[in-house]
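Here is the file run-v3.txt (compact mmCIF, C-alpha atoms).
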```
# COMPACT_ATOMS: atom_id res chain seq x y z
CA MET A 15 125.69 35.38 168.61
CA ASN A 16 123.72 35.13 171.86
CA GLU A 17 121.03 32.50 172.40
CA ALA A 18 118.13 34.90 171.80
CA ILE A 19 119.49 35.94 168.40
CA LYS A 20 120.25 32.32 167.52
CA GLN A 21 116.67 31.32 168.30
CA ASP A 22 115.40 34.25 166.20
CA VAL A 23 117.53 33.21 163.23
CA ASP A 24 116.57 29.55 163.61
CA GLY A 25 112.90 30.49 163.77
CA GLN A 26 113.16 32.68 160.67
CA LEU A 27 114.93 29.99 158.68
CA ALA A 28 112.36 27.42 159.81
CA GLY A 29 109.65 29.79 158.59
CA ALA A 30 111.40 30.14 155.22
CA MET A 31 111.60 26.37 154.86
CA ALA A 32 107.93 25.96 155.78
CA TYR A 33 106.93 28.59 153.23
CA ASP A 34 109.06 26.98 150.51
CA LYS A 35 107.52 23.57 151.15
CA ALA A 36 103.99 24.97 151.06
CA ALA A 37 104.68 27.08 147.95
CA LYS A 38 106.05 24.09 146.04
CA GLY A 39 103.05 22.03 147.08
CA VAL A 40 100.62 24.56 145.58
CA LEU A 41 102.85 25.26 142.57
CA SER A 42 102.96 21.55 141.67
CA LYS A 43 99.16 21.34 141.26
CA LYS A 44 98.48 20.32 137.65
CA LYS A 45 95.97 23.09 136.92
CA VAL A 46 98.45 25.71 138.17
CA LEU A 47 101.19 24.16 136.04
CA ALA A 48 98.78 24.21 133.08
CA TYR A 49 98.49 28.02 133.34
CA ILE A 50 102.29 28.30 133.44
CA LEU A 51 102.85 25.98 130.47
CA LYS A 52 100.19 27.59 128.29
CA ARG A 53 101.65 31.07 128.84
CA THR A 54 105.37 30.32 128.69
CA VAL A 55 105.94 27.18 126.57
CA PRO A 56 105.26 27.63 122.81
CA GLU A 57 104.20 23.99 122.36
CA PHE A 58 101.11 24.61 124.53
CA GLU A 59 99.95 28.00 123.26
CA SER A 60 96.93 26.60 121.40
CA VAL A 61 96.07 23.82 123.89
CA SER A 62 93.26 24.21 126.42
CA LEU A 63 94.11 24.45 130.12
CA ASP A 64 92.02 21.36 130.89
CA ASP A 65 93.79 19.29 128.22
CA ILE A 66 97.20 20.37 129.51
CA ALA A 67 96.29 19.45 133.09
CA ASN A 68 94.37 16.26 132.39
CA PHE A 69 96.12 14.81 129.37
CA TYR A 70 99.50 16.36 128.55
CA ILE A 71 101.09 16.56 132.03
CA GLU A 72 102.20 13.03 132.82
CA GLY A 73 102.20 11.32 136.19
CA THR A 74 102.62 13.15 139.49
CA PRO A 75 105.06 16.10 139.53
CA GLU A 76 108.14 15.56 141.71
CA VAL A 77 108.53 18.12 144.50
CA SER A 78 112.11 18.54 145.79
CA MET A 79 112.88 14.91 145.02
CA VAL A 80 115.48 14.81 142.26
CA PRO A 81 119.00 16.19 142.87
CA VAL A 82 120.61 18.55 140.36
CA SER A 83 124.23 17.58 140.95
CA LYS A 84 126.25 15.34 138.67
CA ASP A 85 125.92 11.57 139.30
CA LYS A 86 122.93 12.14 141.62
CA THR A 87 120.12 13.05 139.20
CA ASN A 88 120.08 9.72 137.39
CA ALA A 89 120.21 7.60 140.53
CA VAL A 90 116.88 8.97 141.73
CA ARG A 91 115.26 9.19 138.31
CA GLN A 92 116.14 5.57 137.51
CA ALA A 93 114.75 4.42 140.86
CA LEU A 94 111.53 6.31 140.20
CA GLU A 95 111.23 5.07 136.63
CA ARG A 96 111.68 1.45 137.72
CA GLN A 97 108.38 1.89 139.55
CA ASP A 98 106.64 3.48 136.54
CA THR A 99 108.26 3.39 133.11
CA HIS A 100 105.81 5.89 131.62
CA ALA A 101 106.05 8.81 134.06
CA ILE A 102 108.25 10.31 136.74
CA LYS A 103 106.15 9.68 139.85
CA GLY A 104 106.49 10.71 143.48
CA ALA A 105 108.21 7.95 145.45
CA GLN A 106 110.93 7.54 148.01
CA ASN A 107 113.87 9.90 147.81
CA GLU A 108 117.45 8.87 147.16
CA ASP A 109 119.39 7.66 150.20
CA ASN A 110 120.23 10.56 152.52
CA SER A 111 123.91 9.68 152.48
CA ILE A 112 123.93 10.50 148.78
CA THR A 113 121.69 13.55 148.56
CA GLU A 114 122.29 15.24 151.90
CA GLY A 115 123.28 18.85 151.33
CA SER A 116 122.66 18.66 147.59
CA ILE A 117 120.51 20.98 145.46
CA VAL A 118 117.25 19.52 144.19
CA PHE A 119 114.84 20.57 141.43
CA ASP A 120 111.82 22.32 142.99
CA VAL A 121 109.10 20.78 140.82
CA LEU A 122 110.04 18.30 138.10
CA PHE A 123 107.62 16.59 135.71
CA ARG A 124 107.12 15.37 132.15
CA ALA A 125 104.60 16.73 129.68
CA LYS A 126 103.62 15.46 126.25
CA ALA A 127 103.51 18.25 123.67
CA PRO A 128 101.34 18.01 120.55
CA VAL A 129 103.14 18.52 117.22
CA THR A 130 102.13 17.85 113.63
CA ASN A 131 101.58 14.10 113.61
CA GLU A 132 103.14 12.89 116.82
CA ILE A 133 103.39 13.42 120.56
CA ILE A 134 106.80 14.43 121.91
CA THR A 135 107.86 14.47 125.54
CA LEU A 136 109.18 17.53 127.36
CA ILE A 137 110.99 17.30 130.69
CA ILE A 138 110.07 20.43 132.62
CA ASN A 139 111.36 21.93 135.86
CA VAL A 140 109.64 24.82 137.69
CA GLU A 141 111.54 26.80 140.33
CA ALA A 142 110.28 29.41 142.82
CA GLN A 143 112.84 32.01 143.83
CA ARG A 144 112.80 35.01 146.15
CA SER A 145 115.71 36.93 144.62
CA ILE A 146 117.02 37.39 141.08
CA ASN A 147 120.52 37.81 142.54
CA PRO A 148 120.82 35.15 145.28
CA LYS A 149 123.57 35.21 147.86
CA LYS A 150 126.49 32.80 147.62
CA LYS A 151 127.46 30.84 150.72
CA THR A 152 130.92 32.40 150.54
CA GLY A 153 129.58 35.94 150.25
CA GLY A 154 128.49 38.12 147.32
CA THR A 155 125.76 37.30 144.80
CA TYR A 156 125.38 35.56 141.45
CA PRO A 157 122.97 36.05 138.50
CA LEU A 158 120.10 33.58 138.74
CA LEU A 159 120.07 33.15 134.94
CA LYS A 160 123.43 31.38 135.07
CA ARG A 161 122.04 28.91 137.58
CA ALA A 162 119.04 28.34 135.31
CA ILE A 163 121.38 27.52 132.41
CA TYR A 164 123.16 24.99 134.62
CA TYR A 165 119.84 23.39 135.61
CA ALA A 166 118.74 23.13 131.97
CA SER A 167 122.07 21.58 131.06
CA ARG A 168 121.67 19.02 133.84
CA LEU A 169 118.19 18.16 132.58
CA ILE A 170 119.80 17.39 129.21
CA SER A 171 122.93 15.56 130.38
CA SER A 172 121.08 13.46 132.96
CA GLN A 173 119.03 11.87 130.18
CA LYS A 174 121.93 9.57 129.32
CA GLU A 175 121.13 6.09 130.64
CA THR A 176 117.52 7.14 131.31
CA GLU A 177 116.15 8.47 128.01
CA PHE A 178 118.89 7.06 125.81
CA VAL A 179 121.98 4.84 125.99
CA ASN A 180 125.33 4.76 124.22
CA SER A 181 125.28 7.18 121.26
CA ASP A 182 121.50 7.32 120.67
CA TYR A 183 121.52 11.11 120.98
CA ASP A 184 118.55 11.40 118.62
CA LYS A 185 116.40 10.31 121.57
CA ILE A 186 117.23 13.35 123.72
CA LYS A 187 114.03 14.99 125.00
CA LYS A 188 113.52 18.76 124.97
CA VAL A 189 113.71 20.42 128.40
CA TYR A 190 112.37 23.60 129.94
CA THR A 191 113.33 25.18 133.23
CA ILE A 192 110.86 27.85 134.36
CA TRP A 193 111.70 30.23 137.19
CA ILE A 194 109.00 32.10 139.12
CA CYS A 195 110.72 35.10 140.73
CA MET A 196 109.05 37.00 143.57
CA GLU A 197 111.39 39.90 142.86
CA ALA A 198 111.09 41.84 139.58
CA PRO A 199 113.62 44.17 137.91
CA ASP A 200 112.53 47.75 138.65
CA GLY A 201 109.44 46.27 140.34
CA LYS A 202 107.74 45.64 136.98
CA SER A 203 106.28 42.28 135.94
CA ALA A 204 108.02 40.59 133.01
CA ILE A 205 108.40 37.26 131.23
CA ASN A 206 111.66 36.39 129.43
CA ARG A 207 112.35 33.26 127.38
CA TYR A 208 115.78 32.03 126.24
CA GLN A 209 116.25 29.39 123.53
CA LEU A 210 118.88 27.97 121.19
CA LYS A 211 118.67 29.52 117.72
CA GLU A 212 120.37 28.88 114.39
CA GLN A 213 122.48 31.59 112.73
CA HIS A 214 123.71 31.42 109.12
CA LEU A 215 127.22 32.83 108.91
CA LEU A 216 127.97 31.46 105.40
CA HIS A 217 125.38 30.41 102.80
CA ARG A 218 122.05 29.15 104.09
CA TYR A 219 121.95 25.53 105.17
CA LYS A 220 119.00 24.96 107.53
CA GLU A 221 119.23 22.20 110.10
CA PRO A 222 115.86 20.73 111.15
CA ARG A 223 114.72 22.76 114.16
CA GLN A 224 114.00 19.68 116.28
CA ASN A 225 117.72 18.80 116.19
CA TYR A 226 118.81 21.89 118.12
CA ASP A 227 115.71 23.35 119.77
CA LEU A 228 116.19 21.19 122.86
CA MET A 229 116.46 23.69 125.70
CA GLY A 230 114.21 26.50 126.90
CA ILE A 231 114.69 28.78 129.89
CA VAL A 232 111.84 31.00 131.09
CA PHE A 233 111.91 33.69 133.78
CA VAL A 234 108.63 35.00 135.19
CA TYR A 235 109.10 38.14 137.29
CA LEU A 236 106.22 39.05 139.61
CA GLY A 237 105.96 42.83 139.92
CA LYS A 238 104.14 45.02 142.40
CA SER A 239 101.19 46.06 140.23
CA LYS A 240 98.42 44.07 138.53
CA VAL A 241 98.80 43.40 134.79
CA LYS A 242 96.43 42.14 132.08
CA ASP A 243 97.83 38.62 132.06
CA GLN A 244 95.91 35.64 133.45
CA MET A 245 98.93 33.59 134.51
CA MET A 246 100.63 36.56 136.17
CA ASN A 247 97.46 37.40 138.07
CA LEU A 248 97.18 33.78 139.21
CA LEU A 249 100.75 33.73 140.51
CA ASN A 250 100.40 37.14 142.14
CA LEU A 251 97.24 35.95 143.88
CA MET A 252 98.98 32.86 145.25
CA PHE A 253 102.32 34.40 146.18
CA LYS A 254 101.97 38.15 146.74
CA SER A 255 98.33 39.09 147.37
CA LYS A 256 97.39 40.14 150.92
CA LYS A 257 93.98 38.48 150.65
CA LYS A 258 92.99 36.07 153.41
CA PRO A 259 93.38 32.32 152.68
CA ARG A 260 89.62 31.79 152.38
CA GLU A 261 89.36 34.69 149.92
CA LYS A 262 92.16 33.24 147.83
CA VAL A 263 90.49 29.83 147.74
CA THR A 264 87.27 31.46 146.48
CA VAL A 265 89.06 33.49 143.78
CA LEU A 266 91.06 30.46 142.64
CA LYS A 267 87.84 28.52 142.15
CA ASN A 268 85.66 31.25 140.64
CA GLU A 269 88.18 33.07 138.44
CA PHE A 270 90.71 30.35 137.59
CA GLY A 271 88.75 27.12 137.88
CA ILE A 272 91.19 25.72 140.43
CA ASP A 273 89.79 23.59 143.28
CA LEU A 274 92.20 22.99 146.15
CA THR A 275 92.27 19.89 148.31
CA GLN A 276 92.23 20.27 152.09
CA GLU A 277 96.01 19.76 152.15
CA GLU A 278 96.53 22.39 149.44
CA GLU A 279 94.32 24.84 151.34
CA GLY A 280 96.58 24.22 154.34
CA ASP A 281 99.63 25.03 152.19
CA LEU A 282 97.97 28.22 151.01
CA GLU A 283 97.25 29.24 154.61
CA ILE A 284 100.90 28.68 155.55
CA MET A 285 101.94 30.86 152.62
CA CYS A 286 99.55 33.62 153.70
CA ASN A 287 100.74 33.53 157.31
CA LEU A 288 104.43 33.63 156.42
CA GLY A 289 104.40 35.34 153.04
CA GLU A 290 104.57 39.00 154.01
CA GLY A 291 107.97 38.67 155.62
CA LEU A 292 109.37 36.08 153.25
CA TYR A 293 108.30 36.94 149.74
CA GLU A 294 107.10 40.52 149.60
CA ASP A 295 110.13 42.22 151.04
CA GLY A 296 112.44 39.34 151.92
CA LYS A 297 112.59 40.72 155.48
CA MET A 298 112.49 37.50 157.46
CA GLU A 299 115.02 35.57 155.42
CA GLY A 300 116.96 38.74 154.73
CA ARG A 301 117.62 39.32 158.43
CA ALA A 302 118.76 35.74 158.90
CA GLU A 303 120.98 35.87 155.82
CA GLY A 304 122.35 39.25 156.92
CA ARG A 305 123.41 37.86 160.27
CA MET A 306 125.00 34.83 158.62
CA GLU A 307 126.88 37.10 156.22
CA SER A 308 128.10 39.18 159.16
CA GLN A 309 129.35 36.02 160.91
CA VAL A 310 131.25 34.96 157.79
CA GLU A 311 132.82 38.42 157.39
CA SER A 312 133.91 38.42 161.05
CA ALA A 313 135.38 34.94 160.71
CA LEU A 314 137.30 35.97 157.60
CA GLU A 315 138.80 39.00 159.34
CA MET A 316 139.88 36.87 162.30
CA LEU A 317 141.41 34.30 159.95
CA LYS A 318 143.44 37.07 158.32
CA ASP A 319 144.60 38.16 161.79
CA GLY A 320 145.76 34.62 162.60
CA VAL A 321 143.20 33.90 165.32
CA ALA A 322 142.96 30.19 166.19
CA LEU A 323 140.16 28.34 164.40
CA GLU A 324 138.63 27.14 167.67
CA LYS A 325 138.48 30.72 168.99
CA ILE A 326 136.84 31.92 165.76
CA ALA A 327 134.22 29.18 166.10
CA GLN A 328 133.61 30.25 169.72
CA TYR A 329 133.25 33.95 168.84
CA THR A 330 131.18 33.65 165.64
CA LYS A 331 129.17 30.49 166.50
CA LEU A 332 130.05 29.10 163.05
CA SER A 333 130.99 25.43 162.84
CA LEU A 334 134.66 24.51 162.75
CA SER A 335 134.17 22.81 159.37
CA LYS A 336 132.60 26.00 157.95
CA ILE A 337 135.55 28.06 159.17
CA LYS A 338 138.06 25.61 157.68
CA GLU A 339 136.15 25.71 154.38
CA LEU A 340 136.20 29.52 154.44
CA ALA A 341 139.93 29.53 155.16
CA LYS A 342 140.69 27.15 152.27
CA GLN A 343 138.56 29.14 149.84
CA ASN A 344 140.51 32.28 150.70
CA LYS A 345 143.88 30.44 150.73
CA LEU A 346 144.48 31.22 154.40
CA ILE A 347 145.42 27.65 155.36
```
Rewritten as structure tokens:
Amino acid sequence: MNEAIKQDVDGQLAGAMAYDKAAKGVLSKKKVLAYILKRTVPEFESVSLDDIANFYIEGTPEVSMVPVSKDKTNAVRQALERQDTHAIKGAQNEDNSITEGSIVFDVLFRAKAPVTNEIITLIINVEAQRSINPKKKTGGTYPLLKRAIYYASRLISSQKETEFVNSDYDKIKKVYTIWICMEAPDGKSAINRYQLKEQHLLHRYKEPRQNYDLMGIVFVYLGKSKVKDQMMNLLNLMFKSKKKPREKVTVLKNEFGIDLTQEEEGDLEIMCNLGEGLYEDGKMEGRAEGRMESQVESALEMLKDGVALEKIAQYTKLSLSKIKELAKQNKLI
């Protein structure tokens, strides 16, 4: 890869990161989250948007703070909870030596959900994704739903030593992971929800629902055309509309009752400036990912031909550690 191409790729990836940061900033606004919860989470169907935003969402949503991986989630959550025992609040991240290179939840927060005579707590994660079939680092793709199931499982398992200790499993909190996808199957908007359900294979013993209904997974697919759905129209306005930033700010206020701070308006402007290449067609990131995939394929072919690792690194501009990792994965060293 020559220097011009490298700078192009670096610039595109930097743009993708800037867009992601801005998108998560806007997505974590409580009134935006209220629209998402009311439309996708059954516990909030009959609750007003203002009550969800002002009363039921607790604390300040975490944005790219808490790692997903085993043994890393709790370390950060416990550190955050030591500062506020009633809500997960934005604070310092876990030490870089622990979290560097790890996957983090996009937007993580708690919400109280009204039930018959009590208030329960939900632990909710919201993710923004460009593709429903993301690329693996080693080549190929994987179904995003499987990743969502892993995230939901981590939200459950990481509650040990934070929500409960020893065998107090009755204290497990229900979790939701909600995925906002900029790509839609067949280009049509859709909302899918996945939950644990009871089936009676012999006789009819009914377990109390609250003992197993502990995990919900929601996928929101943003299509190309407008639909009669307030939440979908809100998300399409923020992420896919070609309106100018100032127009979007006006529509958000007049049609959705959402007032943005100066910082949030800045995030929205970043999204508008970068969004066409990143989220509508995936062109900007797609070109960068395509070049990276080509480098990996070239390196793999050279490994099969017995070319020295140092030479492969020189030709492909991949790091030596990446090439060694690729070789090990394909059992070539």
Computed gap from CA of Lys126 in chain A to CA of Ile66 in chain A is 8.7 Å
Please identify every residue of range 168-277 of chain A that has at least one atom no farther than 9 Å from an atom of range 47-58 of chain A, counting all atoms listed in the file, and for each give the shortest atom pair and the distance in Å to one decimal, arranged by chain then increasing number, as JSON lines.
```
{"residue": "A:Tyr190", "atom": "CA", "partner": "A:Val55", "partner_atom": "CA", "distance": 8.1}
{"residue": "A:Ile192", "atom": "CA", "partner": "A:Thr54", "partner_atom": "CA", "distance": 8.3}
{"residue": "A:Ile205", "atom": "CA", "partner": "A:Thr54", "partner_atom": "CA", "distance": 8.0}
{"residue": "A:Asn206", "atom": "CA", "partner": "A:Thr54", "partner_atom": "CA", "distance": 8.8}
{"residue": "A:Arg207", "atom": "CA", "partner": "A:Thr54", "partner_atom": "CA", "distance": 7.7}
{"residue": "A:Gly230", "atom": "CA", "partner": "A:Val55", "partner_atom": "CA", "distance": 8.3}
{"residue": "A:Val232", "atom": "CA", "partner": "A:Thr54", "partner_atom": "CA", "distance": 6.9}
{"residue": "A:Phe233", "atom": "CA", "partner": "A:Thr54", "partner_atom": "CA", "distance": 8.9}
{"residue": "A:Val234", "atom": "CA", "partner": "A:Thr54", "partner_atom": "CA", "distance": 8.6}
{"residue": "A:Gln244", "atom": "CA", "partner": "A:Tyr49", "partner_atom": "CA", "distance": 8.0}
{"residue": "A:Met245", "atom": "CA", "partner": "A:Tyr49", "partner_atom": "CA", "distance": 5.7}
{"residue": "A:Met246", "atom": "CA", "partner": "A:Ile50", "partner_atom": "CA", "distance": 8.9}
{"residue": "A:Leu248", "atom": "CA", "partner": "A:Tyr49", "partner_atom": "CA", "distance": 8.3}
```
| query | Distance CA of Glu311 in chain A-CA of Gln343 in chain A, one decimal place? | reply |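 Going from CA of Glu311 in chain A over to CA of Gln343 in chain A, I get 13.3 Å.
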Give me the residues near Ala327 in chain A as a short mmCIF file (atom, residue, chain, number, x, y, z; two decimals) with C-alpha atoms, keeping the file's coordinate frame, where near means some atom within 9 Å (using all atoms listed in the file) and where sequence neighbours in that chain fewer than 6 positions away do not count.
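And here is the file that came out, result-v6.cif:
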```
data_model
loop_
_atom_site.label_atom_id
_atom_site.label_comp_id
_atom_site.auth_asym_id
_atom_site.auth_seq_id
_atom_site.Cartn_x
_atom_site.Cartn_y
_atom_site.Cartn_z
CA ALA A 313 135.38 34.94 160.71
CA SER A 333 130.99 25.43 162.84
CA LEU A 334 134.66 24.51 162.75
CA LYS A 336 132.60 26.00 157.95
CA ILE A 337 135.55 28.06 159.17
#
```
For range 146-158 of chain A: contacts at 9 Å, only C-alpha atoms, fewer than 5 positions along chain excluded, given as a PyMOL selection string: chain A and resi 163+195-199+235+303+307+310-311+340+343
Separation of CA of Ser239 in chain A from CA of Asp281 in chain A in Å: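 CA of Ser239 in chain A lies at a distance of 24.2 Å from CA of Asp281 in chain A.
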8 Å contact set for Pro259 in chain A, all atoms listed in the file, chain neighbours under 4 positions out, as a PDB file with C-alpha atoms, in the coordinates of the input:
```pdb
ATOM      1  CA  VAL A 263      90.490  29.830 147.740  1.00  0.00           C
ATOM      2  CA  GLU A 279      94.320  24.840 151.340  1.00  0.00           C
ATOM      3  CA  LEU A 282      97.970  28.220 151.010  1.00  0.00           C
ATOM      4  CA  GLU A 283      97.250  29.240 154.610  1.00  0.00           C
ATOM      5  CA  CYS A 286      99.550  33.620 153.700  1.00  0.00           C
TER       6      CYS A 286
END
```
In terms of only C-alpha atoms, the residue from A:Glu277, A:Met31, A:Phe69, A:Val179 at minimal distance from Ile133 in chain A is A:Phe69
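Between Glu177 in chain A and the residues A:Thr330, A:Thr135, A:Gln309, A:Ser255, the shortest atom-to-atom distance, using all atoms listed in the file, involves A:Thr135.
Proximity to Lys35 in chain A was assessed for A:Val121, A:Ser145, A:Leu159, A:Ile71 counting only C-alpha atoms; the smallest distance is recorded for A:Val121.
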Enclose range 225-240 of chain A, meaning all of its atoms listed in the file, in a box aligned along x, y and z, pad it by 4 Å on each side, and list the centre and edge lengths in Å to one decimal, as AutoDock Vina command-line options.
```
--center_x 108.6 --center_y 32.4 --center_z 129.3 --size_x 28.4 --size_y 35.3 --size_z 34.2
```
Since the input is missing atoms, can you rebuild N, CA and C atoms for range 260-290 of chain A and write them as a PDB file, keeping the file's coordinate frame?
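So the final result, stored in result_25.pdb, reads:
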```pdb
ATOM      1  N   ARG A 260      90.946  32.167 152.864  1.00  0.00           N
ATOM      2  CA  ARG A 260      89.620  31.790 152.380  1.00  0.00           C
ATOM      3  C   ARG A 260      89.229  32.587 151.141  1.00  0.00           C
ATOM      4  N   GLU A 261      89.633  33.873 151.106  1.00  0.00           N
ATOM      5  CA  GLU A 261      89.360  34.690 149.920  1.00  0.00           C
ATOM      6  C   GLU A 261      90.115  34.154 148.712  1.00  0.00           C
ATOM      7  N   LYS A 262      91.358  33.763 148.936  1.00  0.00           N
ATOM      8  CA  LYS A 262      92.160  33.240 147.830  1.00  0.00           C
ATOM      9  C   LYS A 262      91.560  31.946 147.277  1.00  0.00           C
ATOM     10  N   VAL A 263      91.099  31.086 148.167  1.00  0.00           N
ATOM     11  CA  VAL A 263      90.490  29.830 147.740  1.00  0.00           C
ATOM     12  C   VAL A 263      89.274  30.106 146.854  1.00  0.00           C
ATOM     13  N   THR A 264      88.473  31.100 147.249  1.00  0.00           N
ATOM     14  CA  THR A 264      87.270  31.460 146.480  1.00  0.00           C
ATOM     15  C   THR A 264      87.647  32.007 145.102  1.00  0.00           C
ATOM     16  N   VAL A 265      88.630  32.901 145.057  1.00  0.00           N
ATOM     17  CA  VAL A 265      89.060  33.490 143.780  1.00  0.00           C
ATOM     18  C   VAL A 265      89.660  32.420 142.868  1.00  0.00           C
ATOM     19  N   LEU A 266      90.459  31.534 143.434  1.00  0.00           N
ATOM     20  CA  LEU A 266      91.060  30.460 142.640  1.00  0.00           C
ATOM     21  C   LEU A 266      89.983  29.615 141.970  1.00  0.00           C
ATOM     22  N   LYS A 267      88.915  29.352 142.702  1.00  0.00           N
ATOM     23  CA  LYS A 267      87.840  28.520 142.150  1.00  0.00           C
ATOM     24  C   LYS A 267      86.998  29.287 141.141  1.00  0.00           C
ATOM     25  N   ASN A 268      86.587  30.503 141.481  1.00  0.00           N
ATOM     26  CA  ASN A 268      85.660  31.250 140.640  1.00  0.00           C
ATOM     27  C   ASN A 268      86.302  31.872 139.409  1.00  0.00           C
ATOM     28  N   GLU A 269      87.544  32.356 139.549  1.00  0.00           N
ATOM     29  CA  GLU A 269      88.180  33.070 138.440  1.00  0.00           C
ATOM     30  C   GLU A 269      89.157  32.206 137.642  1.00  0.00           C
ATOM     31  N   PHE A 270      89.697  31.158 138.282  1.00  0.00           N
ATOM     32  CA  PHE A 270      90.710  30.350 137.590  1.00  0.00           C
ATOM     33  C   PHE A 270      90.319  28.882 137.441  1.00  0.00           C
ATOM     34  N   GLY A 271      89.192  28.500 138.004  1.00  0.00           N
ATOM     35  CA  GLY A 271      88.750  27.120 137.880  1.00  0.00           C
ATOM     36  C   GLY A 271      89.633  26.125 138.593  1.00  0.00           C
ATOM     37  N   ILE A 272      90.270  26.566 139.682  1.00  0.00           N
ATOM     38  CA  ILE A 272      91.190  25.720 140.430  1.00  0.00           C
ATOM     39  C   ILE A 272      90.572  25.360 141.780  1.00  0.00           C
ATOM     40  N   ASP A 273      90.302  24.085 141.995  1.00  0.00           N
ATOM     41  CA  ASP A 273      89.790  23.590 143.280  1.00  0.00           C
ATOM     42  C   ASP A 273      90.937  23.011 144.083  1.00  0.00           C
ATOM     43  N   LEU A 274      91.119  23.486 145.294  1.00  0.00           N
ATOM     44  CA  LEU A 274      92.200  22.990 146.150  1.00  0.00           C
ATOM     45  C   LEU A 274      91.710  21.882 147.064  1.00  0.00           C
ATOM     46  N   THR A 275      92.572  20.904 147.310  1.00  0.00           N
ATOM     47  CA  THR A 275      92.270  19.890 148.310  1.00  0.00           C
ATOM     48  C   THR A 275      92.460  20.499 149.694  1.00  0.00           C
ATOM     49  N   GLN A 276      92.065  19.778 150.721  1.00  0.00           N
ATOM     50  CA  GLN A 276      92.230  20.270 152.090  1.00  0.00           C
ATOM     51  C   GLN A 276      93.705  20.511 152.397  1.00  0.00           C
ATOM     52  N   GLU A 277      94.569  19.607 151.923  1.00  0.00           N
ATOM     53  CA  GLU A 277      96.010  19.760 152.150  1.00  0.00           C
ATOM     54  C   GLU A 277      96.544  20.998 151.430  1.00  0.00           C
ATOM     55  N   GLU A 278      96.078  21.231 150.204  1.00  0.00           N
ATOM     56  CA  GLU A 278      96.530  22.390 149.440  1.00  0.00           C
ATOM     57  C   GLU A 278      96.028  23.689 150.064  1.00  0.00           C
ATOM     58  N   GLU A 279      94.817  23.659 150.623  1.00  0.00           N
ATOM     59  CA  GLU A 279      94.320  24.840 151.340  1.00  0.00           C
ATOM     60  C   GLU A 279      95.202  25.121 152.555  1.00  0.00           C
ATOM     61  N   GLY A 280      95.668  24.058 153.205  1.00  0.00           N
ATOM     62  CA  GLY A 280      96.580  24.220 154.340  1.00  0.00           C
ATOM     63  C   GLY A 280      97.895  24.857 153.899  1.00  0.00           C
ATOM     64  N   ASP A 281      98.406  24.427 152.729  1.00  0.00           N
ATOM     65  CA  ASP A 281      99.630  25.030 152.190  1.00  0.00           C
ATOM     66  C   ASP A 281      99.422  26.507 151.897  1.00  0.00           C
ATOM     67  N   LEU A 282      98.262  26.832 151.331  1.00  0.00           N
ATOM     68  CA  LEU A 282      97.970  28.220 151.010  1.00  0.00           C
ATOM     69  C   LEU A 282      97.894  29.073 152.275  1.00  0.00           C
ATOM     70  N   GLU A 283      97.348  28.510 153.336  1.00  0.00           N
ATOM     71  CA  GLU A 283      97.250  29.240 154.610  1.00  0.00           C
ATOM     72  C   GLU A 283      98.646  29.494 155.189  1.00  0.00           C
ATOM     73  N   ILE A 284      99.520  28.496 155.087  1.00  0.00           N
ATOM     74  CA  ILE A 284     100.900  28.680 155.550  1.00  0.00           C
ATOM     75  C   ILE A 284     101.560  29.812 154.776  1.00  0.00           C
ATOM     76  N   MET A 285     101.363  29.817 153.454  1.00  0.00           N
ATOM     77  CA  MET A 285     101.940  30.860 152.620  1.00  0.00           C
ATOM     78  C   MET A 285     101.429  32.242 153.020  1.00  0.00           C
ATOM     79  N   CYS A 286     100.125  32.336 153.301  1.00  0.00           N
ATOM     80  CA  CYS A 286      99.550  33.620 153.700  1.00  0.00           C
ATOM     81  C   CYS A 286     100.106  34.095 155.039  1.00  0.00           C
ATOM     82  N   ASN A 287     100.266  33.169 155.977  1.00  0.00           N
ATOM     83  CA  ASN A 287     100.740  33.530 157.310  1.00  0.00           C
ATOM     84  C   ASN A 287     102.201  33.955 157.317  1.00  0.00           C
ATOM     85  N   LEU A 288     102.998  33.356 156.432  1.00  0.00           N
ATOM     86  CA  LEU A 288     104.430  33.630 156.420  1.00  0.00           C
ATOM     87  C   LEU A 288     104.855  34.554 155.288  1.00  0.00           C
ATOM     88  N   GLY A 289     103.988  34.706 154.288  1.00  0.00           N
ATOM     89  CA  GLY A 289     104.400  35.340 153.040  1.00  0.00           C
ATOM     90  C   GLY A 289     104.852  36.770 153.123  1.00  0.00           C
ATOM     91  N   GLU A 290     104.241  37.577 153.991  1.00  0.00           N
ATOM     92  CA  GLU A 290     104.570  39.000 154.010  1.00  0.00           C
ATOM     93  C   GLU A 290     106.040  39.225 154.313  1.00  0.00           C
TER      94      GLU A 290
END
```
